[in-house]
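Everything below concerns the one structure shown next.
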Amino acid sequence: MAGQQRVYRQKIKATSSLKKIFRAMELIAASRIGKARLRVEQATPYARAITRSISAVAAHSSVDHPLTTPRTDTGRAAVLVISADRGMAGAYSANVIREAERLRGRLQADGKEIVQFAAGRRAVSYYSFRRRELAGQWTGASDAPDRETARDMARALFARFQASAEDGGVDEIYIVGTRFVSMVTQQAMVLRLLPLEIVEGVEETEEGELEPLYDFEPSPELVLDALLPRYIESRIFSSLLHCAASELASRQRAMNTATSNAEDIIRNYTRLANQARQAEITQEISEIVSGADALAAS
Amino acid sequence: MAGPLTVDVVAPDRVLWSGTAERLVAPTVEGEIGLLTGHEPVLSVLRAGTVRVRGGADVDAEFPIASGFVSFDRDVVTVVVEPVAPSEEKAPAAS
């Protein structure tokens, strides 16, 4: 009986130290998320400006740039999966990976071969466990991405797109990441990076005005040449920032749930421990009483 | 001279300057371009140099840049820049 009590006490102790860890991680995530959201907001004007300019070039000139025309010669598609470096973020990484697998199924149904890129340790370990070859991997900064990483990714993906079919070139580039909608909603989603899907007039044609005739300096081709790598980098960077904010939000939520679960467990074990203590006392009393009775009777 | 220009100067990780101004001078690959109200729509690649905003509501502003591009459309100027010395810019962001 005494053993029982000790077991419960041990469990309470273990759970409360876990609870402290969960709480600390929740607070860390909560303190970082404000900054991550700010970074998303600060990066948005740049991404918007680039997108607007790109669609301006595409809409107002008839350039046949290799990056805007779909290619079909290689039958390969590159997929970059952006996940977290660490777990403890609920279903965050699992959702992204599930989305990536769905995309993979779809592409394979179309007869495409997948060239897999992965960012974040969770995705890397997922693919390496399944012995799938990774064409590129980035780990270590999923909750605070920097521009260097984004540039590196952009360069790697871009090189693939420009490579010839024999050198492992790809037709399409996809990013699977998470969009930070709000603190409670984060959505895993697929984004096609290349070839460009020009969304014409995202913010243009306000009051049905005539489309302005743009003057491109030095020339539409050169402007596109200068813009596109930057556009890709900015798309990747903004995806990374969205993913970082989403990761932190997921982690905060997961850790909040974990803390309250730990509290529940502690409460249950405390009750059980009290019960065990009470049972022990009752038993001791009845032993004493029955012992005294037996003595008195003899 | 109609209304003032609406100017946004944006870097990859933040907005450097935003507001109204009278004139904007930017170093394009083909030479300096001065933008006033009513300029024709233009999209131009920039080289290293200084972007100057004049006659703003507050003080005039200057931004040294490494590269970038400027787009002008209906008196709205958007300057997308790659600021110089990224190591210097990085320091506050990393803290």
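Ligands are numbered from 1 in the order shown, residues from 1 within each chain, and chains are lettered A, B, ... in the order they appear in the structure tokens.
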
Worksheet entry | All residues 7 Å or closer to B:Val25, only C-alpha atoms, same chain fewer than 6 positions away omitted, as JSON, numbers by chain | {"B": [32, 33, 34, 35, 51, 52, 53]}

For stretch 4-11 of chain B, work out the shell of residues within 10 Å, counting only C-alpha atoms and skipping chain neighbours fewer than 2 positions away, then give it as a PDB file with C-alpha atoms, in the first residue's frame.
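Generated output (result.pdb):
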```pdb
ATOM      1  CA  GLN A  42       7.492  44.024 -42.846  1.00  0.00           C
ATOM      2  CA  ALA A  43       8.394  41.736 -45.707  1.00  0.00           C
ATOM      3  CA  THR A  44       4.966  41.972 -47.306  1.00  0.00           C
ATOM      4  CA  PRO A  45       5.336  45.406 -49.008  1.00  0.00           C
ATOM      5  CA  TYR A  46       8.486  44.248 -50.766  1.00  0.00           C
ATOM      6  CA  ALA A  47       6.885  41.035 -51.970  1.00  0.00           C
ATOM      7  CA  ALA A  49       5.927  45.541 -54.980  1.00  0.00           C
TER       8      ALA A  49
ATOM      9  CA  MET B   1       2.257  70.220 -61.239  1.00  0.00           C
ATOM     10  CA  ALA B   2      -0.647  68.222 -60.024  1.00  0.00           C
ATOM     11  CA  ASP B  13      12.688  43.025 -44.738  1.00  0.00           C
ATOM     12  CA  ARG B  14      11.045  46.365 -44.100  1.00  0.00           C
ATOM     13  CA  VAL B  15       9.699  49.608 -45.475  1.00  0.00           C
ATOM     14  CA  LEU B  16      12.444  52.216 -45.536  1.00  0.00           C
ATOM     15  CA  TRP B  17      10.398  55.235 -46.397  1.00  0.00           C
ATOM     16  CA  SER B  18       6.809  55.900 -47.205  1.00  0.00           C
ATOM     17  CA  GLY B  19       5.000  59.124 -47.831  1.00  0.00           C
ATOM     18  CA  THR B  20       4.486  61.882 -50.356  1.00  0.00           C
ATOM     19  CA  ALA B  21       7.180  63.814 -52.144  1.00  0.00           C
ATOM     20  CA  GLU B  22       7.636  66.178 -55.028  1.00  0.00           C
ATOM     21  CA  ARG B  23      10.506  64.559 -56.795  1.00  0.00           C
ATOM     22  CA  LEU B  24      12.448  61.348 -56.768  1.00  0.00           C
ATOM     23  CA  LEU B  35      10.572  61.406 -61.552  1.00  0.00           C
ATOM     24  CA  LEU B  36       8.002  64.139 -61.222  1.00  0.00           C
ATOM     25  CA  THR B  37       4.240  64.046 -61.202  1.00  0.00           C
ATOM     26  CA  GLY B  38       2.776  62.979 -64.515  1.00  0.00           C
ATOM     27  CA  VAL B  51      18.008  57.211 -54.231  1.00  0.00           C
ATOM     28  CA  VAL B  53      13.530  61.821 -52.296  1.00  0.00           C
ATOM     29  CA  GLY B  55      10.214  67.788 -51.020  1.00  0.00           C
ATOM     30  CA  GLY B  56       8.649  65.249 -48.755  1.00  0.00           C
ATOM     31  CA  ALA B  57       6.258  66.160 -46.001  1.00  0.00           C
ATOM     32  CA  PHE B  63      19.117  55.957 -49.413  1.00  0.00           C
ATOM     33  CA  ILE B  65      21.492  51.257 -52.459  1.00  0.00           C
ATOM     34  CA  GLY B  68      17.020  47.423 -57.048  1.00  0.00           C
ATOM     35  CA  VAL B  70      11.906  51.571 -59.552  1.00  0.00           C
ATOM     36  CA  PHE B  72       6.273  54.484 -61.623  1.00  0.00           C
ATOM     37  CA  ASP B  73       2.572  54.210 -62.280  1.00  0.00           C
ATOM     38  CA  ARG B  74      -0.071  56.934 -61.953  1.00  0.00           C
ATOM     39  CA  ASP B  75       2.051  59.081 -59.646  1.00  0.00           C
ATOM     40  CA  VAL B  76       2.780  56.144 -57.411  1.00  0.00           C
ATOM     41  CA  VAL B  77       6.468  55.409 -57.164  1.00  0.00           C
ATOM     42  CA  THR B  78       7.675  52.158 -55.726  1.00  0.00           C
ATOM     43  CA  VAL B  79      11.382  51.797 -55.221  1.00  0.00           C
ATOM     44  CA  VAL B  80      12.477  48.309 -54.366  1.00  0.00           C
ATOM     45  CA  VAL B  81      16.000  48.403 -53.083  1.00  0.00           C
ATOM     46  CA  GLU B  82      18.710  46.118 -51.929  1.00  0.00           C
ATOM     47  CA  PRO B  83      20.322  48.257 -49.224  1.00  0.00           C
TER      48      PRO B  83
END
```

Discussion item. So that I can check the secondary structure, give me every residue of stretch 16-128 of chain A assigned helix (DSSP H, G or I) by backbone DSSP, as a ChimeraX atom specification.
Written reply: /A:16-60,92-109,121-128

Fill in: Counting only C-alpha atoms, the residue of A:Phe22, A:Tyr231, A:Phe129, A:Phe180 that sits nearest chain B
A:Tyr231

Discussion item. Show me, as number ranges by chain, the residues that have an atom within 12 Å of A:Leu228 when counting only C-alpha atoms, minus same-chain residues fewer than 6 positions from it.
Written reply: A: 47, 50-51, 53-55, 57-58, 65-68, 154-155, 158, 193-196, 220-222, 234-235; B: 45, 68-69

Let me see the file: selected residues, C-alpha atoms, as a short mmCIF file (atom, residue, chain, number, x, y, z; two decimals), in the first residue's frame.
```cif
data_model
loop_
_atom_site.label_atom_id
_atom_site.label_comp_id
_atom_site.auth_asym_id
_atom_site.auth_seq_id
_atom_site.Cartn_x
_atom_site.Cartn_y
_atom_site.Cartn_z
CA ALA A 47 6.88 41.03 -51.97
CA ILE A 50 7.87 42.84 -56.79
CA THR A 51 4.74 40.88 -57.67
CA SER A 53 6.11 44.87 -61.12
CA ILE A 54 6.40 41.35 -62.48
CA SER A 55 2.78 41.31 -63.51
CA VAL A 57 6.08 43.48 -67.22
CA ALA A 58 4.22 40.35 -68.15
CA HIS A 65 11.16 35.00 -71.39
CA PRO A 66 12.26 31.45 -70.60
CA LEU A 67 11.03 31.87 -67.06
CA THR A 68 7.49 32.75 -68.00
CA ALA A 154 16.39 30.40 -54.50
CA ARG A 155 19.73 29.78 -56.13
CA PHE A 158 16.67 28.35 -59.87
CA LEU A 193 6.85 29.10 -57.94
CA LEU A 194 7.83 28.46 -61.52
CA PRO A 195 6.74 28.77 -64.22
CA LEU A 196 5.13 31.98 -63.16
CA PRO A 220 11.68 44.34 -70.98
CA GLU A 221 13.94 41.29 -71.22
CA LEU A 222 16.63 42.77 -69.05
CA SER A 234 11.28 37.12 -52.11
CA ARG A 235 8.58 34.48 -52.55
CA VAL B 45 16.48 48.56 -63.10
CA GLY B 68 17.02 47.42 -57.05
CA PHE B 69 14.40 48.77 -59.38
#
```

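Each of A:Arg179, A:Arg230, A:Arg122, A:Arg267 was checked against chain B using only C-alpha atoms; the smallest atom-to-atom distance is that of A:Arg230.
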
Fill in: 8 Å contact set for A:Phe216, only C-alpha atoms, chain neighbours under 5 positions out, as a ChimeraX atom specification
/A:223 /B:42-44

Discussion item. Please list as a list in words every residue within 10 Å of A:Gln137, counting only C-alpha atoms and excluding residues in the same chain fewer than 5 positions away.
Written reply: Leu80, Val81, Ile82, Gln116, Phe117, Ala118, Ala119, Gly120, Arg121, Ala123, Val124 and Met153 of chain A

Worksheet item: If you measure from atom CA of A:Arg151 to atom CA of A:Glu233, what distance in Å do you get, rounded to one decimal?
Response: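 One can read the atom CA of A:Arg151 to atom CA of A:Glu233 distance as 5.7 Å.
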
Worksheet item: Which residues in stretch 7-130 of chain A does DSSP call strand (DSSP E or B)? List them as a list in words.
Response: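 Selecting the strand (DSSP E or B) positions of stretch 7-130 of chain A gives Arg76, Ala77, Ala78, Val79, Leu80, Val81, Ile82, Glu113, Ile114, Val115, Gln116, Phe117, Ala118 and Ala119 of chain A.
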
Residues from the last selection, C-alpha atoms, saved as a compact mmCIF listing (two decimals), in the first residue's frame:
```txt
# COMPACT_ATOMS: atom_id res chain seq x y z
CA ARG A 76 10.50 16.46 -63.51
CA ALA A 77 9.16 18.71 -60.83
CA ALA A 78 11.02 20.14 -57.87
CA VAL A 79 9.19 20.26 -54.56
CA LEU A 80 10.49 22.25 -51.61
CA VAL A 81 8.92 21.25 -48.33
CA ILE A 82 9.25 23.73 -45.49
CA GLU A 113 9.37 12.60 -61.46
CA ILE A 114 9.89 14.41 -58.15
CA VAL A 115 13.06 16.19 -57.20
CA GLN A 116 12.71 16.66 -53.50
CA PHE A 117 14.08 19.58 -51.50
CA ALA A 118 13.49 19.88 -47.79
CA ALA A 119 13.88 22.62 -45.25
```

Discussion item. Please determine, counting only C-alpha atoms, which residue among A:Glu101, A:Glu217, A:Asp152, A:Asp171 has the shortest atom-to-atom distance to chain B.
Written reply: A:Glu217

Worksheet item: Nearest to chain A: which of B:Ala66, B:Ser71, B:Gly49, B:Pro27 is it, counting only C-alpha atoms?
Response: B:Ser71
